[in-house]
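So this block is query_11.txt, compact mmCIF, C-alpha atoms:
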# COMPACT_ATOMS: atom_id res chain seq x y z
CA MET A 1 52.13 -16.88 30.42
CA ASP A 2 48.64 -15.80 31.38
CA GLN A 3 49.27 -12.62 33.35
CA LYS A 4 45.83 -12.73 34.95
CA GLN A 5 46.82 -15.92 36.78
CA ILE A 6 49.65 -14.24 38.68
CA PRO A 7 48.63 -13.03 42.16
CA ASP A 8 48.42 -9.26 42.45
CA ILE A 9 50.67 -9.40 45.52
CA VAL A 10 53.46 -10.76 43.30
CA ILE A 11 52.90 -7.94 40.79
CA GLY A 12 53.12 -5.53 43.72
CA ARG A 13 56.65 -6.70 44.52
CA LEU A 14 58.01 -6.32 40.97
CA PRO A 15 58.33 -2.49 41.27
CA LEU A 16 60.45 -3.02 44.40
CA TYR A 17 62.76 -5.43 42.57
CA LEU A 18 62.97 -3.01 39.66
CA ARG A 19 63.86 -0.04 41.87
CA ALA A 20 66.63 -2.02 43.58
CA LEU A 21 68.01 -3.21 40.21
CA GLN A 22 67.99 0.34 38.81
CA SER A 23 69.84 1.51 41.88
CA MET A 24 72.46 -1.26 41.47
CA ALA A 25 72.84 -0.45 37.76
CA GLN A 26 73.46 3.20 38.67
CA GLU A 27 76.18 2.02 41.04
CA GLY A 28 77.85 0.41 38.01
CA ARG A 29 77.13 -3.11 39.20
CA GLN A 30 76.81 -6.04 36.74
CA VAL A 31 75.52 -9.08 38.63
CA THR A 32 73.36 -9.66 41.70
CA SER A 33 71.69 -12.56 43.50
CA SER A 34 68.33 -13.24 45.10
CA GLN A 35 70.20 -13.16 48.44
CA GLU A 36 71.52 -9.64 47.86
CA LEU A 37 68.20 -8.35 46.51
CA GLY A 38 66.47 -9.90 49.50
CA GLU A 39 68.78 -8.20 51.98
CA ARG A 40 68.25 -4.82 50.32
CA LEU A 41 64.48 -5.22 50.32
CA GLY A 42 63.76 -7.18 53.47
CA ILE A 43 62.20 -9.98 51.41
CA SER A 44 63.43 -13.59 51.54
CA ALA A 45 65.64 -14.82 48.70
CA ALA A 46 63.29 -17.78 48.23
CA GLN A 47 60.32 -15.44 47.77
CA ILE A 48 62.19 -13.42 45.15
CA ARG A 49 63.20 -16.55 43.21
CA LYS A 50 59.62 -17.85 43.37
CA ASP A 51 58.16 -14.53 42.22
CA LEU A 52 60.56 -14.20 39.27
CA SER A 53 60.09 -17.86 38.25
CA GLN A 54 56.46 -17.05 37.44
CA PHE A 55 57.69 -15.01 34.47
CA GLY A 56 60.56 -17.13 33.15
CA GLU A 57 64.19 -18.03 33.75
CA PHE A 58 66.22 -14.92 34.47
CA GLY A 59 69.31 -16.27 36.20
CA LYS A 60 71.40 -19.38 36.59
CA GLN A 61 72.08 -21.28 39.78
CA GLY A 62 75.47 -20.17 41.04
CA THR A 63 75.98 -17.23 38.67
CA GLY A 64 73.11 -14.98 39.76
CA TYR A 65 71.21 -12.39 37.75
CA ASP A 66 72.57 -10.02 35.11
CA ILE A 67 71.35 -6.70 36.54
CA ASN A 68 70.67 -4.86 33.28
CA PHE A 69 68.98 -7.86 31.72
CA LEU A 70 66.70 -8.50 34.69
CA ARG A 71 65.90 -4.76 34.94
CA ASP A 72 64.87 -4.70 31.27
CA GLN A 73 62.82 -7.88 31.61
CA ILE A 74 60.88 -6.55 34.62
CA SER A 75 60.36 -3.22 32.84
CA HIS A 76 58.89 -5.18 29.94
CA ILE A 77 56.65 -7.26 32.23
CA LEU A 78 55.38 -4.09 33.92
CA ASN A 79 54.68 -2.51 30.53
CA ILE A 80 57.02 0.39 31.14
CA ASP A 81 59.51 -0.18 28.34
CA HIS A 82 57.77 2.85 26.90
CA VAL A 83 56.90 6.03 28.81
CA TRP A 84 53.27 6.61 29.87
CA ASP A 85 51.87 10.13 29.82
CA VAL A 86 50.07 10.94 33.06
CA ALA A 87 47.38 13.54 33.79
CA VAL A 88 47.19 15.20 37.22
CA ILE A 89 43.76 16.46 38.32
CA GLY A 90 43.72 19.06 41.11
CA ILE A 91 46.64 21.45 41.37
CA GLY A 92 46.69 22.13 45.11
CA ASP A 93 49.72 21.36 47.27
CA ILE A 94 49.83 17.66 46.36
CA GLY A 95 49.09 18.13 42.65
CA SER A 96 51.77 20.83 42.41
CA ALA A 97 54.27 18.58 44.17
CA LEU A 98 53.43 15.77 41.70
CA ALA A 99 53.85 18.15 38.74
CA ARG A 100 57.36 18.99 39.93
CA TYR A 101 58.29 15.53 41.24
CA GLY A 102 61.59 14.32 39.80
CA GLY A 103 60.99 10.69 40.73
CA PHE A 104 59.01 9.72 37.62
CA ALA A 105 62.00 10.10 35.26
CA ASN A 106 63.42 6.81 33.93
CA ARG A 107 60.71 4.86 35.74
CA GLY A 108 58.12 4.70 32.96
CA PHE A 109 56.02 7.82 33.51
CA ARG A 110 55.96 11.49 32.71
CA VAL A 111 53.45 14.06 33.88
CA ALA A 112 51.97 15.39 30.64
CA MET A 113 48.92 17.42 31.56
CA LEU A 114 47.44 19.26 34.57
CA PHE A 115 43.80 20.12 35.28
CA ASP A 116 42.05 22.29 37.85
CA ASN A 117 38.62 23.90 38.13
CA ASP A 118 39.91 27.10 39.78
CA SER A 119 39.89 30.02 37.34
CA GLN A 120 42.84 31.48 39.27
CA LYS A 121 44.93 28.45 38.28
CA ILE A 122 43.62 27.66 34.77
CA GLY A 123 46.04 28.86 32.10
CA LYS A 124 48.88 29.35 34.62
CA VAL A 125 52.07 27.31 34.43
CA GLU A 126 52.91 24.80 37.19
CA GLY A 127 56.03 22.65 37.09
CA GLY A 128 56.46 23.59 33.42
CA PHE A 129 52.91 22.67 32.37
CA ASN A 130 49.87 24.74 31.50
CA VAL A 131 46.94 24.08 33.81
CA TRP A 132 43.85 23.11 31.81
CA ASP A 133 40.22 23.69 32.77
CA SER A 134 38.70 20.54 34.32
CA ALA A 135 35.50 21.35 32.44
CA ASN A 136 37.26 20.14 29.28
CA LEU A 137 38.84 17.12 30.92
CA VAL A 138 36.96 14.38 29.05
CA GLN A 139 37.60 15.84 25.62
CA VAL A 140 41.24 16.83 26.19
CA ILE A 141 42.29 13.53 27.78
CA ARG A 142 40.50 11.50 25.14
CA GLU A 143 42.15 13.45 22.32
CA SER A 144 45.55 13.13 24.00
CA ASN A 145 45.02 9.38 24.40
CA ILE A 146 46.16 9.53 28.03
CA LYS A 147 45.49 6.27 29.91
CA VAL A 148 46.97 7.03 33.35
CA ALA A 149 45.84 9.74 35.80
CA MET A 150 46.41 10.88 39.38
CA ILE A 151 43.56 12.45 41.36
CA ALA A 152 44.60 15.13 43.87
CA VAL A 153 41.28 16.96 44.38
CA PRO A 154 39.37 17.26 47.70
CA GLY A 155 37.53 14.13 48.81
CA ASP A 156 34.06 15.42 48.01
CA SER A 157 34.80 15.90 44.32
CA ALA A 158 37.03 12.87 43.76
CA GLN A 159 34.28 10.48 42.59
CA ALA A 160 33.00 12.97 40.00
CA VAL A 161 36.55 13.37 38.67
CA ALA A 162 37.01 9.60 38.56
CA ASP A 163 33.79 9.25 36.58
CA LYS A 164 35.04 11.79 34.03
CA LEU A 165 38.42 10.06 33.76
CA VAL A 166 36.73 6.73 33.07
CA GLU A 167 34.54 8.42 30.43
CA ALA A 168 37.71 9.83 28.86
CA GLY A 169 39.20 6.34 28.51
CA VAL A 170 41.66 6.42 31.42
CA ARG A 171 42.49 2.88 32.55
CA ALA A 172 44.71 3.41 35.61
CA ILE A 173 43.96 5.88 38.42
CA LEU A 174 46.12 6.73 41.41
CA ASN A 175 43.88 8.46 43.96
CA TYR A 176 45.34 10.83 46.58
CA ALA A 177 41.92 11.96 47.86
CA PRO A 178 41.12 10.26 51.21
CA VAL A 179 37.95 8.56 49.97
CA THR A 180 37.17 5.19 48.42
CA LEU A 181 36.17 5.44 44.75
CA ASN A 182 34.03 3.27 42.51
CA VAL A 183 35.26 2.54 39.00
CA PRO A 184 34.36 -0.20 36.49
CA PRO A 185 36.28 -3.48 36.89
CA GLU A 186 38.36 -2.87 33.75
CA VAL A 187 39.87 0.29 35.31
CA ARG A 188 42.76 -0.20 37.74
CA LEU A 189 42.67 1.87 40.91
CA GLN A 190 45.29 2.45 43.60
CA TYR A 191 45.30 4.73 46.64
CA ILE A 192 47.83 6.88 48.44
CA ASP A 193 46.61 8.00 51.85
CA PRO A 194 49.43 8.73 54.32
CA VAL A 195 47.06 8.42 57.30
CA ASN A 196 46.30 4.79 56.42
CA HIS A 197 50.02 4.02 56.55
CA LEU A 198 50.45 5.87 59.84
CA GLN A 199 47.48 4.12 61.47
CA ARG A 200 48.80 0.77 60.31
CA MET A 201 52.01 1.49 62.22
CA THR A 202 50.57 2.97 65.43
CA PHE A 203 48.70 -0.32 65.94
CA TYR A 204 52.07 -1.77 66.93
CA LEU A 205 53.14 1.08 69.23
CA ASP A 206 52.52 1.19 72.98
CA MET B 1 44.10 -10.75 72.45
CA ASP B 2 47.73 -11.04 71.38
CA GLN B 3 48.06 -8.35 68.74
CA LYS B 4 51.24 -9.87 67.33
CA GLN B 5 49.23 -12.90 66.21
CA ILE B 6 46.98 -10.91 63.88
CA PRO B 7 48.19 -10.87 60.26
CA ASP B 8 49.54 -7.50 59.15
CA ILE B 9 47.25 -7.61 56.11
CA VAL B 10 44.25 -7.53 58.48
CA ILE B 11 45.73 -4.54 60.32
CA GLY B 12 46.16 -2.88 56.92
CA ARG B 13 42.40 -3.05 56.28
CA LEU B 14 41.37 -1.50 59.61
CA PRO B 15 42.22 2.07 58.47
CA LEU B 16 39.92 1.55 55.46
CA TYR B 17 37.06 0.43 57.71
CA LEU B 18 37.70 3.37 60.00
CA ARG B 19 37.70 5.90 57.15
CA ALA B 20 34.38 4.55 55.84
CA LEU B 21 32.84 4.62 59.34
CA GLN B 22 34.01 8.21 59.92
CA SER B 23 32.49 9.18 56.61
CA MET B 24 29.17 7.52 57.52
CA ALA B 25 29.19 9.20 60.95
CA GLN B 26 29.67 12.58 59.24
CA GLU B 27 26.64 11.79 57.10
CA GLY B 28 24.68 11.47 60.36
CA ARG B 29 24.24 7.73 60.00
CA GLN B 30 23.73 5.46 63.06
CA VAL B 31 23.96 1.84 61.92
CA THR B 32 25.73 -0.04 59.13
CA SER B 33 26.36 -3.64 58.08
CA SER B 34 29.29 -5.65 56.78
CA GLN B 35 27.42 -5.75 53.45
CA GLU B 36 27.26 -1.95 53.18
CA LEU B 37 30.85 -1.49 54.32
CA GLY B 38 31.91 -4.10 51.81
CA GLU B 39 30.14 -2.37 48.94
CA ARG B 40 31.74 0.97 49.83
CA LEU B 41 35.21 -0.55 50.04
CA GLY B 42 35.18 -3.29 47.43
CA ILE B 43 35.89 -5.90 50.12
CA SER B 44 33.61 -8.89 50.74
CA ALA B 45 31.22 -8.73 53.70
CA ALA B 46 32.57 -12.09 54.89
CA GLN B 47 36.13 -10.74 54.93
CA ILE B 48 35.07 -7.72 56.97
CA ARG B 49 33.22 -9.87 59.52
CA LYS B 50 36.22 -12.20 59.77
CA ASP B 51 38.67 -9.31 60.21
CA LEU B 52 36.60 -7.65 62.92
CA SER B 53 35.96 -10.93 64.74
CA GLN B 54 39.70 -11.12 65.46
CA PHE B 55 39.27 -8.20 67.87
CA GLY B 56 35.94 -8.98 69.54
CA GLU B 57 32.19 -8.86 69.06
CA PHE B 58 31.19 -5.51 67.58
CA GLY B 59 27.77 -6.19 66.07
CA LYS B 60 24.82 -8.52 66.31
CA GLN B 61 23.47 -10.79 63.60
CA GLY B 62 20.55 -8.99 62.00
CA THR B 63 21.04 -5.60 63.65
CA GLY B 64 24.42 -4.62 62.20
CA TYR B 65 27.08 -2.35 63.65
CA ASP B 66 26.59 0.84 65.65
CA ILE B 67 28.73 3.22 63.56
CA ASN B 68 30.06 5.43 66.36
CA PHE B 69 30.80 2.45 68.60
CA LEU B 70 32.67 0.52 65.92
CA ARG B 71 34.56 3.68 64.89
CA ASP B 72 35.70 4.23 68.48
CA GLN B 73 36.65 0.58 68.91
CA ILE B 74 38.79 0.56 65.76
CA SER B 75 40.38 3.87 66.79
CA HIS B 76 41.28 2.24 70.08
CA ILE B 77 42.69 -0.87 68.38
CA LEU B 78 44.81 1.30 66.08
CA ASN B 79 46.08 3.29 69.07
CA ILE B 80 44.72 6.57 67.74
CA ASP B 81 42.28 7.41 70.52
CA HIS B 82 44.91 10.00 71.32
CA VAL B 83 46.64 12.27 68.78
CA TRP B 84 50.23 11.46 67.74
CA ASP B 85 52.63 14.31 67.05
CA VAL B 86 54.47 13.79 63.78
CA ALA B 87 57.80 15.23 62.59
CA VAL B 88 58.36 15.94 58.88
CA ILE B 89 61.97 15.82 57.65
CA GLY B 90 62.70 17.59 54.36
CA ILE B 91 60.63 20.64 53.46
CA GLY B 92 60.66 20.46 49.67
CA ASP B 93 57.47 20.16 47.62
CA ILE B 94 56.28 16.98 49.32
CA GLY B 95 57.25 18.03 52.86
CA SER B 96 55.52 21.39 52.40
CA ALA B 97 52.40 19.67 51.11
CA LEU B 98 52.44 17.38 54.17
CA ALA B 99 52.87 20.37 56.52
CA ARG B 100 49.75 21.96 55.03
CA TYR B 101 47.76 18.74 54.51
CA GLY B 102 44.30 18.94 56.08
CA GLY B 103 43.72 15.20 55.98
CA PHE B 104 45.43 14.39 59.30
CA ALA B 105 42.79 16.17 61.40
CA ASN B 106 40.50 13.85 63.40
CA ARG B 107 42.40 10.83 62.16
CA GLY B 108 44.91 10.49 64.99
CA PHE B 109 47.85 12.61 63.83
CA ARG B 110 49.05 16.18 63.80
CA VAL B 111 52.17 17.53 62.18
CA ALA B 112 54.10 19.03 65.10
CA MET B 113 57.59 19.79 63.84
CA LEU B 114 59.43 20.37 60.55
CA PHE B 115 63.14 19.90 59.80
CA ASP B 116 65.38 20.80 56.87
CA ASN B 117 69.13 21.19 56.36
CA ASP B 118 68.81 24.18 53.98
CA SER B 119 69.81 27.43 55.71
CA GLN B 120 67.37 29.24 53.40
CA LYS B 121 64.49 27.28 54.98
CA ILE B 122 65.62 26.94 58.61
CA GLY B 123 63.77 29.39 60.86
CA LYS B 124 61.15 30.14 58.20
CA VAL B 125 57.50 29.26 58.73
CA GLU B 126 55.83 26.58 56.57
CA GLY B 127 52.21 25.55 57.04
CA GLY B 128 52.21 27.39 60.39
CA PHE B 129 55.35 25.69 61.73
CA ASN B 130 58.92 26.87 62.24
CA VAL B 131 61.42 24.85 60.24
CA TRP B 132 64.13 23.45 62.51
CA ASP B 133 67.73 22.67 61.57
CA SER B 134 68.16 18.94 60.81
CA ALA B 135 71.52 19.13 62.57
CA ASN B 136 69.60 19.26 65.86
CA LEU B 137 67.10 16.57 64.88
CA VAL B 138 68.13 13.88 67.38
CA GLN B 139 68.10 16.19 70.37
CA VAL B 140 64.91 18.09 69.46
CA ILE B 141 62.85 15.00 68.61
CA ARG B 142 64.03 13.16 71.70
CA GLU B 143 63.15 16.10 73.96
CA SER B 144 59.75 16.46 72.27
CA ASN B 145 59.11 12.74 72.74
CA ILE B 146 57.95 12.42 69.12
CA LYS B 147 57.53 8.78 68.06
CA VAL B 148 56.23 9.16 64.48
CA ALA B 149 58.04 10.79 61.53
CA MET B 150 57.72 11.22 57.77
CA ILE B 151 60.85 11.36 55.59
CA ALA B 152 60.58 13.60 52.51
CA VAL B 153 64.28 14.17 51.73
CA PRO B 154 66.07 13.11 48.50
CA GLY B 155 66.82 9.41 48.18
CA ASP B 156 70.55 9.71 48.78
CA SER B 157 70.12 11.22 52.25
CA ALA B 158 67.07 9.21 53.39
CA GLN B 159 69.03 6.43 55.15
CA ALA B 160 71.08 8.93 57.16
CA VAL B 161 67.88 10.68 58.24
CA ALA B 162 66.29 7.34 59.18
CA ASP B 163 69.33 6.48 61.31
CA LYS B 164 69.00 9.78 63.17
CA LEU B 165 65.27 9.27 63.70
CA VAL B 166 65.89 5.83 65.18
CA GLU B 167 68.58 7.30 67.45
CA ALA B 168 66.04 9.94 68.55
CA GLY B 169 63.58 7.25 69.64
CA VAL B 170 61.16 7.42 66.68
CA ARG B 171 59.27 4.13 66.34
CA ALA B 172 57.20 4.61 63.16
CA ILE B 173 58.57 6.06 59.91
CA LEU B 174 56.65 6.84 56.72
CA ASN B 175 59.21 7.19 53.93
CA TYR B 176 58.46 9.24 50.79
CA ALA B 177 62.02 8.94 49.42
CA PRO B 178 62.14 6.38 46.57
CA VAL B 179 64.69 4.13 48.28
CA THR B 180 64.46 1.10 50.56
CA LEU B 181 65.61 1.84 54.11
CA ASN B 182 67.06 -0.32 56.86
CA VAL B 183 65.80 0.16 60.40
CA PRO B 184 65.91 -2.08 63.47
CA PRO B 185 63.07 -4.62 63.75
CA GLU B 186 61.38 -2.72 66.58
CA VAL B 187 60.87 0.32 64.32
CA ARG B 188 57.87 0.22 61.95
CA LEU B 189 58.48 1.41 58.41
CA GLN B 190 56.06 2.13 55.56
CA TYR B 191 56.64 3.56 52.10
CA ILE B 192 54.83 5.93 49.79
CA ASP B 193 56.20 5.83 46.24
CA PRO B 194 53.66 6.82 43.57
CA VAL B 195 55.71 5.15 40.83
CA ASN B 196 55.37 1.74 42.52
CA HIS B 197 51.59 2.14 42.43
CA LEU B 198 51.62 3.26 38.79
CA GLN B 199 53.86 0.37 37.71
CA ARG B 200 51.63 -2.08 39.53
CA MET B 201 48.71 -0.85 37.39
CA THR B 202 50.44 -0.64 34.00
CA PHE B 203 51.20 -4.36 34.29
CA TYR B 204 47.51 -4.90 33.52
CA LEU B 205 47.28 -2.43 30.61
CA ASP B 206 47.78 -3.36 26.97
Translate the structure described by the file into structure tokens.
Amino acid sequence: MDQKQIPDIVIGRLPLYLRALQSMAQEGRQVTSSQELGERLGISAAQIRKDLSQFGEFGKQGTGYDINFLRDQISHILNIDHVWDVAVIGIGDIGSALARYGGFANRGFRVAMLFDNDSQKIGKVEGGFNVWDSANLVQVIRESNIKVAMIAVPGDSAQAVADKLVEAGVRAILNYAPVTLNVPPEVRLQYIDPVNHLQRMTFYLD
Amino acid sequence: MDQKQIPDIVIGRLPLYLRALQSMAQEGRQVTSSQELGERLGISAAQIRKDLSQFGEFGKQGTGYDINFLRDQISHILNIDHVWDVAVIGIGDIGSALARYGGFANRGFRVAMLFDNDSQKIGKVEGGFNVWDSANLVQVIRESNIKVAMIAVPGDSAQAVADKLVEAGVRAILNYAPVTLNVPPEVRLQYIDPVNHLQRMTFYLD
């Protein structure tokens, strides 16, 4: 399997399948089907079967999918059968919420390190973590071998932070600042901007 | 123009164009091109021209786009030439961060009302707003004529909140709870789950 050949939109659906499977496993369930997954997710059963078939054979016609097995396989495909340490840059409201967020547990990530450039925050504890000085970001992240980071600084300093993260060897950045960033092609970049989601919905309202 | 005929993926790019245009306008710029927009956003100039052509003629070959004009046109298309009041349900870390978030200003939305079911929070002020009792959510939202809401409650109560929002007449929901929700087809639904974004990136890491 050459992973680069698989459309990114297919990769984007795997986390949804995984979340539904983890939820079913927590309910004590053993077996599911593409029909049931599709109903839970609002995705057609045919689409789910087609997506999964790109990675191998995970179920049998008529007997469905073993939930734990498929969950473990998708975790492996997504590279989260080990836990990734994540750095959070910018400990304002959003960064603090991320530091305390319970939703990372058992999903492949753990917040490991916080940074801010505000001397009032540096050295304080937030969500159980010491806040480090952003001035030392490149050195500290490189020495910690952290490859995943979330940017939660104001828009006008987000690009400078991204540049430092790339210099430190970070390879996946989730950006909460409401600006578009430039990173080298080998670095993955995703955005969370609630206003984009809201605007995408108001298009359809009267 | 029949808006229903335009692919949702095109609608999803309009907020990105708008954000870039607003940023250029703030820089005091007058004119831009699909090439420049494309470089800022990592989207091809041809794609941008094709997307915009679905809604009309906004620029001339060789002279480019008037930034303020195109910004206002896209705002109109996205239905944000007026400001939408938004309700936030669940005033934990994420809900509090949303109540105080400065990024809604001038982008078509304003947080107008907060709800929680915790008697310790009800009646308190958060981000300048009184926190209302979720028990009165249907009545209060209906009387306020609020059509847009953000859910920031724990996963196991998110569906019940969504049901109440639909009953109250809300037509666009942004869900921060890490669960898939069911709403009637006439209600728009978007998700923000940072773990989905992180998993989508770790797929590509070694």
* Using only C-alpha atoms, which residues sit within 9 Å of Leu16 of chain A once same-chain residues fewer than 6 positions away are excluded, as JSON, numbers by chain? -> {"A": [41], "B": [180, 196]}
Within-12 Å shell of (51.2, 13.9, 49.2) in input frame, all atoms listed in the file, as a JSON list (two decimals) with C-alpha atoms, in the frame of the given file:
[["chain", "number", "residue", "atom", "x", "y", "z"],
["A", 91, "ILE", "CA", 46.64, 21.45, 41.37],
["A", 92, "GLY", "CA", 46.69, 22.13, 45.11],
["A", 93, "ASP", "CA", 49.72, 21.36, 47.27],
["A", 94, "ILE", "CA", 49.83, 17.66, 46.36],
["A", 95, "GLY", "CA", 49.09, 18.13, 42.65],
["A", 96, "SER", "CA", 51.77, 20.83, 42.41],
["A", 97, "ALA", "CA", 54.27, 18.58, 44.17],
["A", 98, "LEU", "CA", 53.43, 15.77, 41.70],
["A", 99, "ALA", "CA", 53.85, 18.15, 38.74],
["A", 101, "TYR", "CA", 58.29, 15.53, 41.24],
["A", 150, "MET", "CA", 46.41, 10.88, 39.38],
["A", 151, "ILE", "CA", 43.56, 12.45, 41.36],
["A", 152, "ALA", "CA", 44.60, 15.13, 43.87],
["A", 153, "VAL", "CA", 41.28, 16.96, 44.38],
["A", 174, "LEU", "CA", 46.12, 6.73, 41.41],
["A", 175, "ASN", "CA", 43.88, 8.46, 43.96],
["A", 176, "TYR", "CA", 45.34, 10.83, 46.58],
["A", 177, "ALA", "CA", 41.92, 11.96, 47.86],
["A", 178, "PRO", "CA", 41.12, 10.26, 51.21],
["A", 191, "TYR", "CA", 45.30, 4.73, 46.64],
["A", 192, "ILE", "CA", 47.83, 6.88, 48.44],
["A", 193, "ASP", "CA", 46.61, 8.00, 51.85],
["A", 194, "PRO", "CA", 49.43, 8.73, 54.32],
["A", 195, "VAL", "CA", 47.06, 8.42, 57.30],
["B", 92, "GLY", "CA", 60.66, 20.46, 49.67],
["B", 93, "ASP", "CA", 57.47, 20.16, 47.62],
["B", 94, "ILE", "CA", 56.28, 16.98, 49.32],
["B", 95, "GLY", "CA", 57.25, 18.03, 52.86],
["B", 96, "SER", "CA", 55.52, 21.39, 52.40],
["B", 97, "ALA", "CA", 52.40, 19.67, 51.11],
["B", 98, "LEU", "CA", 52.44, 17.38, 54.17],
["B", 99, "ALA", "CA", 52.87, 20.37, 56.52],
["B", 100, "ARG", "CA", 49.75, 21.96, 55.03],
["B", 101, "TYR", "CA", 47.76, 18.74, 54.51],
["B", 102, "GLY", "CA", 44.30, 18.94, 56.08],
["B", 103, "GLY", "CA", 43.72, 15.20, 55.98],
["B", 104, "PHE", "CA", 45.43, 14.39, 59.30],
["B", 150, "MET", "CA", 57.72, 11.22, 57.77],
["B", 151, "ILE", "CA", 60.85, 11.36, 55.59],
["B", 152, "ALA", "CA", 60.58, 13.60, 52.51],
["B", 174, "LEU", "CA", 56.65, 6.84, 56.72],
["B", 175, "ASN", "CA", 59.21, 7.19, 53.93],
["B", 176, "TYR", "CA", 58.46, 9.24, 50.79],
["B", 177, "ALA", "CA", 62.02, 8.94, 49.42],
["B", 192, "ILE", "CA", 54.83, 5.93, 49.79],
["B", 193, "ASP", "CA", 56.20, 5.83, 46.24],
["B", 194, "PRO", "CA", 53.66, 6.82, 43.57]]
* Structure fact -> Pairwise distance, atom CA of Gly155 of chain A with atom CA of Phe203 of chain B, equals 27.2 Å
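With all atoms listed in the file taken into account, the protein and nucleic acid residues at most 12 Å from Ile122 of chain B (excluding it and anything under 3 positions from it in its own chain) are Ile89, Gly90, Ile91, Met113, Leu114, Phe115, Asp116, Asn117, Asp118, Ser119, Val125, Glu126, Phe129, Asn130, Val131, Trp132, Asp133, Ser134, Ala135 and Asn136 of chain B.
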* All residues 10 Å or closer to Val10 of chain B, only C-alpha atoms, same chain fewer than 2 positions away omitted, as a ChimeraX atom specification -> /A:200 /B:6-8,12-15,47-48,50-52,54
Mind working out the centre and edge lengths of an axis-aligned box for segment 171-188 of chain B, all listed atoms inside, 3 Å added to each side, rounded to one decimal in Å and written as AutoDock Vina command-line options?
--center_x 61.9 --center_y 2.3 --center_z 56.6 --size_x 16.4 --size_y 19.9 --size_z 26.0
* Structure fact -> Separating atom CA of Ile77 of chain A from atom CA of Lys164 of chain A, to the nearest tenth of an Å, is a gap of 28.9 Å
